[in-house]
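Structure first, then comments.
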Amino acid sequence: MDITINVREERKGLSVVELAGEIDVYTSPKVKDAVGALIDKGVYNLVIDLERVKYIDSTGLGVLIGGLKRVREHGGAVSLVCTNPQIKKIFDITGLVKIFGMYDSIPAAVKALA
Amino acid sequence: MDITINVREERKGLSVVELAGEIDVYTSPKVKDAVGALIDKGVYNLVIDLERVKYIDSTGLGVLIGGLKRVREHGGAVSLVCTNPQIKKIFDITGLVKIFGMYDSIPAAVKALA
Amino acid sequence: MTASNGESRDSVVVRIPRKAEWVAVARLAVAAVAIRLHFSYEEIEDLKLAVAEACTHAIRTETGETITVECEPFEDSLRVRIGTDDAEHEHDHADDIGLFLIRSLMDDVTYGRSGEILMTKRITT
Amino acid sequence: MTASNGESRDSVVVRIPRKAEWVAVARLAVAAVAIRLHFSYEEIEDLKLAVAEACTHAIRTETGETITVECEPFEDSLRVRIGTDDAEHEHDHADDIGLFLIRSLMDDVTYGRSGEILMTKRITT
Ligand SMILES: Nc1ncnc2c1ncn2[C@@H]1O[C@H](COP(=O)(O)OP(=O)(O)O)[C@@H](O)[C@H]1O
Ligand SMILES: Nc1ncnc2c1ncn2[C@@H]1O[C@H](COP(=O)(O)OP(=O)(O)O)[C@@H](O)[C@H]1O
């Protein structure tokens, strides 16, 4: 019922944010803070790894969309790593799958930002 | 939240009852029926495998005690297989660990009934 | 009004403070009801999300101290009613992703006069 | 009366039909509250069992249509009150394994006049 956030610098200006747990109205502010802190430091290319996320709702989507909007202002982008069908379904239903890059692995997501 | 019951004849008069899931006020009647049916058939030595039981409460204990009482009337016995500390704790607290044989594996539990 | 057939059997009610930290409790309680009714894994995930969205909506746009989630099981469906203890204000059901998800994931959704959301999910067996 | 310190924050209430099939819902809802309060895994299992025993007791020896489980979180503990909607009969708290388990697993247990069970579990950090 909680969220764990791990941030790892892949290369200058590109970080991998690994999320684990549940992203809901209670935990999404923590994700927002972590993503916001990265952008404030000038990291405009983000891979967000959702492989260990068991649950995401509209507040989580809102945080991802907000992050994407901010990095785009600096020419950056966000790639998601996600294979969980239940979570992919939510990105499908909302049409967000067309806005984010969605990949099956971290290397694929990193490559897409190259 | 439900229970799965598998019965396997080990040898004449000795069966292994494998329980999986949760044994509570809702599911324990199913266990009672399964154990009762075996005893009705003349199986008086029972190994009850609790390894895949995630939860047991007093209604489940009551069913096991009831089964033990019935088989003892025919010179039989009940051995339990259980290594889950949370479940062992309940048998400890109630003192039932002294009434049932409790073993770490099915072979050990079968051997104890030999 | 709903897509359900048959008499309601029993209802399960969960009341939480209207605060983000308790939404997970409502979500899990409804999931437990749905497990008992033999919804599929995917249907249960849909229900959890819809309940969370309705609670999030209540936290963001409604007022009041508590959120009440009432689960009414029917033969072939579960009806969930989510509302707050304060019905005395203007209700905003302006569309956002949350309400859109509820409508996408549930079989029937109506917005009550007092700000509550009434939603039904059918059991497909 | 209880072993708890501090003001209660928010309470979570779960109401189920007084029927065996719904006890698991009460158990899981209380577990979800306990997770939020950062009880340990073992403490959560203890709480689930105590709640189930109190519900089982209400089903076997009390009367009424529903069981209400009220969870009151404190800084250092969770107090759970379990009772039925019928207080108009003789209450039997004669000892059985269930009540014995509740007293063994919880830090403080009192039996209310109207047949309810009030029990407190401390968070050990
Ligand atoms: N399907 C969509 N595609 C692109 N952007 C969207 C979509 N749905 C919502 N948004 C945008 O995402 C942001 C967050 O949405 P939402 O979480 O619903 O509201 P809030 O801004 O209140 O958190 C908003 O700016 C909204 O315009
Ligand atoms: N610690 C114990 N050791 C041995 N037998 C016990 C113990 N506790 C209860 N029993 C017996 O187990 C049976 C079932 O107990 P319980 O589940 O509490 O009541 P019920 O008979 O109403 O189901 C009873 O016959 C009781 O006497």
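In the structure tokens, chains take the letters A, B, ... in the order shown, each chain's residues start at 1, and ligands count up from 1 in the order shown.
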
Residues within 9 Å of Leu101 (chain D), only C-alpha atoms, excluding chain neighbours under 5 positions, as an MDAnalysis selection string: (chainID B and resid 57:58 90 93:94) or (chainID D and resid 49:50 53 96 106)

Based on the selection just made, write C-alpha atoms of those residues as a compact mmCIF listing (two decimals), in the first residue's frame.
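The file below, result.txt, is the result:
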# COMPACT_ATOMS: atom_id res chain seq x y z
CA ASP B 57 -8.73 -19.61 13.41
CA SER B 58 -10.57 -21.28 16.28
CA ILE B 90 -1.67 -20.56 17.33
CA ILE B 93 -0.81 -20.56 22.42
CA THR B 94 -3.76 -22.93 22.68
CA LEU D 49 -7.17 -13.45 13.89
CA ALA D 50 -8.56 -11.46 16.82
CA GLU D 53 -12.60 -14.50 16.44
CA ASP D 96 -13.94 -20.74 24.32
CA MET D 106 -4.31 -8.42 21.93

Please check the contacts: residues of chain A at most 12 Å away from chain D, using only C-alpha atoms, listed as a count of residues only. 4

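Look at Gly101 (chain A): the protein and nucleic acid residues within 7 Å of it, using only C-alpha atoms and passing over chain neighbours fewer than 6 places away, are Val78, Ser79 and Leu80 of chain A.
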
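For chain C, the residues within 8 Å of chain D are Asp10, Ser11, Val12, Val13, Val14, Arg15, Ile16, Pro17, Glu21, Trp22, Ala24, Val25, Ala26, Leu28, Ala29, Ala32, Val33 and Arg36 of chain C, with only C-alpha atoms used to measure distance.
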
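For region 70-123 of chain C, a DSSP pass over the backbone yields alpha helix (DSSP H) at Ile97, Gly98, Leu99, Phe100, Leu101, Ile102, Arg103, Ser104 and Leu105 of chain C.
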
Do you know which residues are within 8 Å of ligand 2 using only C-alpha atoms and all ligand atoms? Can you write them as a ChimeraX atom specification? /B:58-63,65-66,94-96,99 /D:95-98

Could you please write out, as a PyMOL selection string, every residue of chain C that DSSP assigns to strand (DSSP E)? chain C and resi 12-17+66-73+77-84+108-111+117-122

Residues from last step as file, N, CA, C and O atoms, as a short mmCIF file (atom, residue, chain, number, x, y, z; two decimals), in the first residue's frame:
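Result went into out.cif, see below:
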data_model
loop_
_atom_site.label_atom_id
_atom_site.label_comp_id
_atom_site.auth_asym_id
_atom_site.auth_seq_id
_atom_site.Cartn_x
_atom_site.Cartn_y
_atom_site.Cartn_z
N VAL C 12 -22.34 -4.56 2.41
CA VAL C 12 -21.14 -4.34 3.22
C VAL C 12 -20.84 -2.85 3.12
O VAL C 12 -20.82 -2.30 2.03
N VAL C 13 -20.65 -2.21 4.26
CA VAL C 13 -20.42 -0.78 4.28
C VAL C 13 -19.06 -0.47 4.90
O VAL C 13 -18.71 -1.03 5.93
N VAL C 14 -18.31 0.39 4.24
CA VAL C 14 -17.02 0.83 4.78
C VAL C 14 -17.05 2.35 4.87
O VAL C 14 -17.40 3.02 3.90
N ARG C 15 -16.70 2.88 6.03
CA ARG C 15 -16.65 4.34 6.18
C ARG C 15 -15.24 4.74 6.56
O ARG C 15 -14.69 4.24 7.54
N ILE C 16 -14.65 5.61 5.77
CA ILE C 16 -13.28 6.08 6.04
C ILE C 16 -13.29 7.60 6.20
O ILE C 16 -14.19 8.28 5.70
N PRO C 17 -12.31 8.15 6.89
CA PRO C 17 -12.13 9.61 6.89
C PRO C 17 -11.89 10.08 5.45
O PRO C 17 -11.28 9.34 4.67
N THR C 66 -16.28 12.36 6.19
CA THR C 66 -16.09 10.94 5.91
C THR C 66 -16.57 10.58 4.49
O THR C 66 -17.37 11.29 3.88
N ILE C 67 -16.06 9.46 4.01
CA ILE C 67 -16.53 8.86 2.76
C ILE C 67 -17.16 7.51 3.12
O ILE C 67 -16.55 6.73 3.86
N THR C 68 -18.35 7.25 2.62
CA THR C 68 -18.98 5.96 2.85
C THR C 68 -19.05 5.19 1.55
O THR C 68 -19.48 5.71 0.52
N VAL C 69 -18.60 3.96 1.60
CA VAL C 69 -18.61 3.07 0.44
C VAL C 69 -19.55 1.92 0.77
O VAL C 69 -19.29 1.17 1.71
N GLU C 70 -20.64 1.83 0.03
CA GLU C 70 -21.60 0.76 0.31
C GLU C 70 -21.59 -0.23 -0.85
O GLU C 70 -21.80 0.14 -2.00
N CYS C 71 -21.34 -1.49 -0.54
CA CYS C 71 -21.28 -2.54 -1.56
C CYS C 71 -22.53 -3.39 -1.45
O CYS C 71 -22.78 -4.00 -0.41
N GLU C 72 -23.28 -3.43 -2.54
CA GLU C 72 -24.52 -4.21 -2.55
C GLU C 72 -24.35 -5.35 -3.56
O GLU C 72 -24.38 -5.12 -4.77
N PRO C 73 -24.17 -6.56 -3.08
CA PRO C 73 -23.99 -7.69 -4.00
C PRO C 73 -25.34 -8.15 -4.55
O PRO C 73 -26.32 -8.26 -3.81
N SER C 77 -23.92 -9.27 -10.09
CA SER C 77 -23.20 -8.00 -10.13
C SER C 77 -22.95 -7.46 -8.73
O SER C 77 -23.48 -7.97 -7.75
N LEU C 78 -22.14 -6.43 -8.68
CA LEU C 78 -21.91 -5.71 -7.43
C LEU C 78 -22.18 -4.23 -7.70
O LEU C 78 -21.68 -3.66 -8.67
N ARG C 79 -23.03 -3.64 -6.85
CA ARG C 79 -23.28 -2.20 -6.97
C ARG C 79 -22.55 -1.50 -5.85
O ARG C 79 -22.66 -1.90 -4.69
N VAL C 80 -21.81 -0.46 -6.17
CA VAL C 80 -21.05 0.27 -5.16
C VAL C 80 -21.51 1.73 -5.17
O VAL C 80 -21.58 2.36 -6.23
N ARG C 81 -21.86 2.22 -3.99
CA ARG C 81 -22.31 3.60 -3.84
C ARG C 81 -21.28 4.34 -2.99
O ARG C 81 -20.94 3.89 -1.90
N ILE C 82 -20.76 5.42 -3.53
CA ILE C 82 -19.70 6.15 -2.82
C ILE C 82 -20.11 7.60 -2.66
O ILE C 82 -20.41 8.28 -3.63
N GLY C 83 -20.16 8.04 -1.41
CA GLY C 83 -20.54 9.43 -1.16
C GLY C 83 -19.96 9.91 0.15
O GLY C 83 -19.36 9.15 0.90
N THR C 84 -20.13 11.21 0.40
CA THR C 84 -19.61 11.78 1.65
C THR C 84 -20.77 12.06 2.60
O THR C 84 -21.94 11.90 2.24
N ASP C 108 -22.10 0.32 -15.37
CA ASP C 108 -23.16 1.32 -15.25
C ASP C 108 -22.73 2.34 -14.21
O ASP C 108 -22.29 1.96 -13.12
N VAL C 109 -22.82 3.60 -14.54
CA VAL C 109 -22.41 4.66 -13.60
C VAL C 109 -23.45 5.75 -13.59
O VAL C 109 -23.86 6.23 -14.66
N THR C 110 -23.93 6.13 -12.40
CA THR C 110 -24.81 7.29 -12.30
C THR C 110 -24.30 8.20 -11.20
O THR C 110 -23.73 7.74 -10.21
N TYR C 111 -24.50 9.50 -11.39
CA TYR C 111 -24.10 10.46 -10.38
C TYR C 111 -25.34 10.86 -9.60
O TYR C 111 -26.32 11.34 -10.19
N ILE C 117 -21.57 8.78 -6.16
CA ILE C 117 -21.39 8.03 -7.41
C ILE C 117 -21.89 6.62 -7.17
O ILE C 117 -21.55 5.97 -6.18
N LEU C 118 -22.76 6.16 -8.07
CA LEU C 118 -23.35 4.83 -7.95
C LEU C 118 -22.87 4.05 -9.15
O LEU C 118 -23.11 4.45 -10.29
N MET C 119 -22.18 2.96 -8.91
CA MET C 119 -21.61 2.25 -10.05
C MET C 119 -21.78 0.74 -9.90
O MET C 119 -21.75 0.20 -8.81
N THR C 120 -22.00 0.08 -11.03
CA THR C 120 -22.27 -1.36 -11.02
C THR C 120 -21.29 -2.08 -11.94
O THR C 120 -21.00 -1.62 -13.04
N LYS C 121 -20.78 -3.18 -11.42
CA LYS C 121 -19.90 -4.03 -12.23
C LYS C 121 -20.54 -5.41 -12.30
O LYS C 121 -20.92 -5.99 -11.28
N ARG C 122 -20.69 -5.94 -13.51
CA ARG C 122 -21.26 -7.27 -13.67
C ARG C 122 -20.19 -8.35 -13.55
O ARG C 122 -19.04 -8.13 -13.93
#

C:Cys55, C:Ala94, C:Glu116, C:Lys48 ranked by distance to ligand 1, top pick (using only C-alpha atoms and all ligand atoms):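 Closest residue, counting only C-alpha atoms and all ligand atoms: C:Ala94.
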
Give the answer as one residue: which of C:Arg113, C:His57, C:Thr125, C:Ala87 has the shortest atom-to-atom distance to ligand 1, using only C-alpha atoms and all ligand atoms?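 Among C:Arg113, C:His57, C:Thr125, C:Ala87, it is C:His57 that comes nearest to ligand 1.
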
For region 44-52 of chain A, list every protein, DNA or RNA residue within 6 Å, evaluated using only C-alpha atoms, and leave out those in the same chain fewer than 5 positions away; present the list as a PDB file with all heavy atoms, in the first residue's frame.
ATOM      1  N   GLY A  13      21.964  13.844 -17.546  1.00  0.00           N
ATOM      2  CA  GLY A  13      20.705  14.304 -18.129  1.00  0.00           C
ATOM      3  C   GLY A  13      19.684  13.204 -18.355  1.00  0.00           C
ATOM      4  O   GLY A  13      18.587  13.463 -18.833  1.00  0.00           O
ATOM      5  N   LEU A  14      20.051  11.961 -18.016  1.00  0.00           N
ATOM      6  CA  LEU A  14      19.096  10.856 -18.173  1.00  0.00           C
ATOM      7  C   LEU A  14      19.115   9.979 -16.927  1.00  0.00           C
ATOM      8  O   LEU A  14      20.145   9.392 -16.589  1.00  0.00           O
ATOM      9  CB  LEU A  14      19.445  10.022 -19.416  1.00  0.00           C
ATOM     10  CG  LEU A  14      18.375   9.020 -19.924  1.00  0.00           C
ATOM     11  CD1 LEU A  14      18.713   8.572 -21.340  1.00  0.00           C
ATOM     12  CD2 LEU A  14      18.152   7.830 -19.022  1.00  0.00           C
ATOM     13  N   SER A  15      17.980   9.906 -16.258  1.00  0.00           N
ATOM     14  CA  SER A  15      17.892   9.078 -15.059  1.00  0.00           C
ATOM     15  C   SER A  15      16.786   8.043 -15.190  1.00  0.00           C
ATOM     16  O   SER A  15      15.810   8.238 -15.929  1.00  0.00           O
ATOM     17  CB  SER A  15      17.630   9.950 -13.822  1.00  0.00           C
ATOM     18  OG  SER A  15      18.807  10.644 -13.456  1.00  0.00           O
ATOM     19  N   VAL A  16      16.981   6.941 -14.453  1.00  0.00           N
ATOM     20  CA  VAL A  16      15.965   5.901 -14.370  1.00  0.00           C
ATOM     21  C   VAL A  16      15.295   6.008 -13.003  1.00  0.00           C
ATOM     22  O   VAL A  16      15.981   5.989 -11.977  1.00  0.00           O
ATOM     23  CB  VAL A  16      16.575   4.495 -14.541  1.00  0.00           C
ATOM     24  CG1 VAL A  16      15.495   3.425 -14.365  1.00  0.00           C
ATOM     25  CG2 VAL A  16      17.255   4.369 -15.902  1.00  0.00           C
ATOM     26  N   VAL A  17      13.984   6.180 -12.997  1.00  0.00           N
ATOM     27  CA  VAL A  17      13.220   6.246 -11.753  1.00  0.00           C
ATOM     28  C   VAL A  17      12.488   4.918 -11.613  1.00  0.00           C
ATOM     29  O   VAL A  17      11.582   4.609 -12.397  1.00  0.00           O
ATOM     30  CB  VAL A  17      12.206   7.411 -11.783  1.00  0.00           C
ATOM     31  CG1 VAL A  17      11.431   7.468 -10.469  1.00  0.00           C
ATOM     32  CG2 VAL A  17      12.905   8.732 -12.065  1.00  0.00           C
ATOM     33  N   GLU A  18      12.910   4.139 -10.624  1.00  0.00           N
ATOM     34  CA  GLU A  18      12.279   2.833 -10.426  1.00  0.00           C
ATOM     35  C   GLU A  18      11.231   2.950  -9.330  1.00  0.00           C
ATOM     36  O   GLU A  18      11.556   3.288  -8.192  1.00  0.00           O
ATOM     37  CB  GLU A  18      13.357   1.823 -10.025  1.00  0.00           C
ATOM     38  CG  GLU A  18      12.856   0.413  -9.972  1.00  0.00           C
ATOM     39  CD  GLU A  18      13.893  -0.503  -9.313  1.00  0.00           C
ATOM     40  OE1 GLU A  18      14.816  -0.936 -10.004  1.00  0.00           O
ATOM     41  OE2 GLU A  18      13.755  -0.748  -8.098  1.00  0.00           O
ATOM     42  N   LEU A  19       9.999   2.673  -9.680  1.00  0.00           N
ATOM     43  CA  LEU A  19       8.913   2.761  -8.705  1.00  0.00           C
ATOM     44  C   LEU A  19       8.457   1.352  -8.335  1.00  0.00           C
ATOM     45  O   LEU A  19       8.387   0.475  -9.195  1.00  0.00           O
ATOM     46  CB  LEU A  19       7.735   3.543  -9.297  1.00  0.00           C
ATOM     47  CG  LEU A  19       8.078   4.960  -9.790  1.00  0.00           C
ATOM     48  CD1 LEU A  19       6.863   5.590 -10.472  1.00  0.00           C
ATOM     49  CD2 LEU A  19       8.545   5.837  -8.632  1.00  0.00           C
ATOM     50  N   ALA A  20       8.152   1.135  -7.057  1.00  0.00           N
ATOM     51  CA  ALA A  20       7.665  -0.172  -6.620  1.00  0.00           C
ATOM     52  C   ALA A  20       6.548   0.035  -5.619  1.00  0.00           C
ATOM     53  O   ALA A  20       6.672   0.838  -4.698  1.00  0.00           O
ATOM     54  CB  ALA A  20       8.799  -0.981  -5.988  1.00  0.00           C
ATOM     55  N   ILE A  39      13.937  17.002 -12.228  1.00  0.00           N
ATOM     56  CA  ILE A  39      13.790  18.033 -13.268  1.00  0.00           C
ATOM     57  C   ILE A  39      14.441  19.331 -12.798  1.00  0.00           C
ATOM     58  O   ILE A  39      15.121  20.013 -13.576  1.00  0.00           O
ATOM     59  CB  ILE A  39      12.294  18.224 -13.622  1.00  0.00           C
ATOM     60  CG1 ILE A  39      11.716  16.908 -14.168  1.00  0.00           C
ATOM     61  CG2 ILE A  39      12.120  19.340 -14.662  1.00  0.00           C
ATOM     62  CD1 ILE A  39      10.219  16.919 -14.394  1.00  0.00           C
ATOM     63  N   VAL A  71       9.326  18.266 -18.701  1.00  0.00           N
ATOM     64  CA  VAL A  71      10.583  17.954 -19.414  1.00  0.00           C
ATOM     65  C   VAL A  71      10.503  18.361 -20.888  1.00  0.00           C
ATOM     66  O   VAL A  71      11.501  18.762 -21.481  1.00  0.00           O
ATOM     67  CB  VAL A  71      11.009  16.461 -19.301  1.00  0.00           C
ATOM     68  CG1 VAL A  71      11.265  16.097 -17.836  1.00  0.00           C
ATOM     69  CG2 VAL A  71       9.994  15.531 -19.931  1.00  0.00           C
ATOM     70  N   GLY A  76      13.069  17.581 -23.436  1.00  0.00           N
ATOM     71  CA  GLY A  76      13.259  16.234 -22.905  1.00  0.00           C
ATOM     72  C   GLY A  76      12.094  15.310 -23.225  1.00  0.00           C
ATOM     73  O   GLY A  76      11.154  15.699 -23.935  1.00  0.00           O
ATOM     74  N   ALA A  77      12.160  14.098 -22.696  1.00  0.00           N
ATOM     75  CA  ALA A  77      11.097  13.121 -22.934  1.00  0.00           C
ATOM     76  C   ALA A  77      11.025  12.120 -21.773  1.00  0.00           C
ATOM     77  O   ALA A  77      11.950  12.021 -20.970  1.00  0.00           O
ATOM     78  CB  ALA A  77      11.331  12.389 -24.245  1.00  0.00           C
ATOM     79  N   VAL A  78       9.911  11.403 -21.719  1.00  0.00           N
ATOM     80  CA  VAL A  78       9.710  10.371 -20.701  1.00  0.00           C
ATOM     81  C   VAL A  78       9.402   9.047 -21.385  1.00  0.00           C
ATOM     82  O   VAL A  78       8.536   8.989 -22.258  1.00  0.00           O
ATOM     83  CB  VAL A  78       8.544  10.734 -19.748  1.00  0.00           C
ATOM     84  CG1 VAL A  78       8.249   9.585 -18.782  1.00  0.00           C
ATOM     85  CG2 VAL A  78       8.825  12.019 -18.979  1.00  0.00           C
ATOM     86  N   SER A  79      10.134   8.001 -21.023  1.00  0.00           N
ATOM     87  CA  SER A  79       9.824   6.651 -21.510  1.00  0.00           C
ATOM     88  C   SER A  79       9.395   5.802 -20.327  1.00  0.00           C
ATOM     89  O   SER A  79      10.028   5.855 -19.263  1.00  0.00           O
ATOM     90  CB  SER A  79      11.049   5.991 -22.133  1.00  0.00           C
ATOM     91  OG  SER A  79      11.389   6.628 -23.324  1.00  0.00           O
ATOM     92  N   LEU A  80       8.355   5.014 -20.517  1.00  0.00           N
ATOM     93  CA  LEU A  80       7.896   4.143 -19.447  1.00  0.00           C
ATOM     94  C   LEU A  80       8.307   2.702 -19.724  1.00  0.00           C
ATOM     95  O   LEU A  80       8.319   2.262 -20.874  1.00  0.00           O
ATOM     96  CB  LEU A  80       6.372   4.207 -19.323  1.00  0.00           C
ATOM     97  CG  LEU A  80       5.756   5.597 -19.147  1.00  0.00           C
ATOM     98  CD1 LEU A  80       4.229   5.484 -19.069  1.00  0.00           C
ATOM     99  CD2 LEU A  80       6.301   6.285 -17.896  1.00  0.00           C
ATOM    100  N   VAL A  81       8.635   1.966 -18.655  1.00  0.00           N
ATOM    101  CA  VAL A  81       8.871   0.534 -18.777  1.00  0.00           C
ATOM    102  C   VAL A  81       7.696  -0.156 -18.090  1.00  0.00           C
ATOM    103  O   VAL A  81       7.454   0.065 -16.901  1.00  0.00           O
ATOM    104  CB  VAL A  81      10.185   0.105 -18.100  1.00  0.00           C
ATOM    105  CG1 VAL A  81      10.403  -1.402 -18.262  1.00  0.00           C
ATOM    106  CG2 VAL A  81      11.350   0.906 -18.670  1.00  0.00           C
ATOM    107  N   CYS A  82       6.936  -0.949 -18.861  1.00  0.00           N
ATOM    108  CA  CYS A  82       5.737  -1.557 -18.302  1.00  0.00           C
ATOM    109  C   CYS A  82       5.298  -2.748 -19.127  1.00  0.00           C
ATOM    110  O   CYS A  82       5.095  -2.629 -20.342  1.00  0.00           O
ATOM    111  CB  CYS A  82       4.603  -0.521 -18.248  1.00  0.00           C
ATOM    112  SG  CYS A  82       3.061  -1.195 -17.614  1.00  0.00           S
TER     113      CYS A  82
END

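Note that CA of Thr63 (chain D) and CA of Asp86 (chain D) are 6.0 Å apart.
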
Determine the nearest neighbour of ligand 1 from the options C:Ala52, C:Ala58, C:Ala20, C:Leu99, counting only C-alpha atoms and all ligand atoms. C:Leu99

Using only C-alpha atoms for the distances, tell me which of A:Val31, A:Asp92, A:Ser105, A:Gln86 is nearest to Glu43 (chain C).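 Of all the options, A:Gln86 lies closest to Glu43 (chain C).
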
Would you mind reading off the distance between CA of Thr61 (chain D) and CA of Ile56 (chain B), one decimal, in Å?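 Taking CA of Thr61 (chain D) and CA of Ile56 (chain B), their separation equals 20.2 Å.
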
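When CA of Val23 (chain D) is paired with CA of Glu88 (chain D), their separation reads 22.4 Å.
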
From C:Arg103, C:Phe39, C:Glu62, C:Glu45, residue lying nearest Gly115 (chain C) [only C-alpha atoms]: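 The shortest atom-to-atom distance to Gly115 (chain C) comes from C:Glu62.
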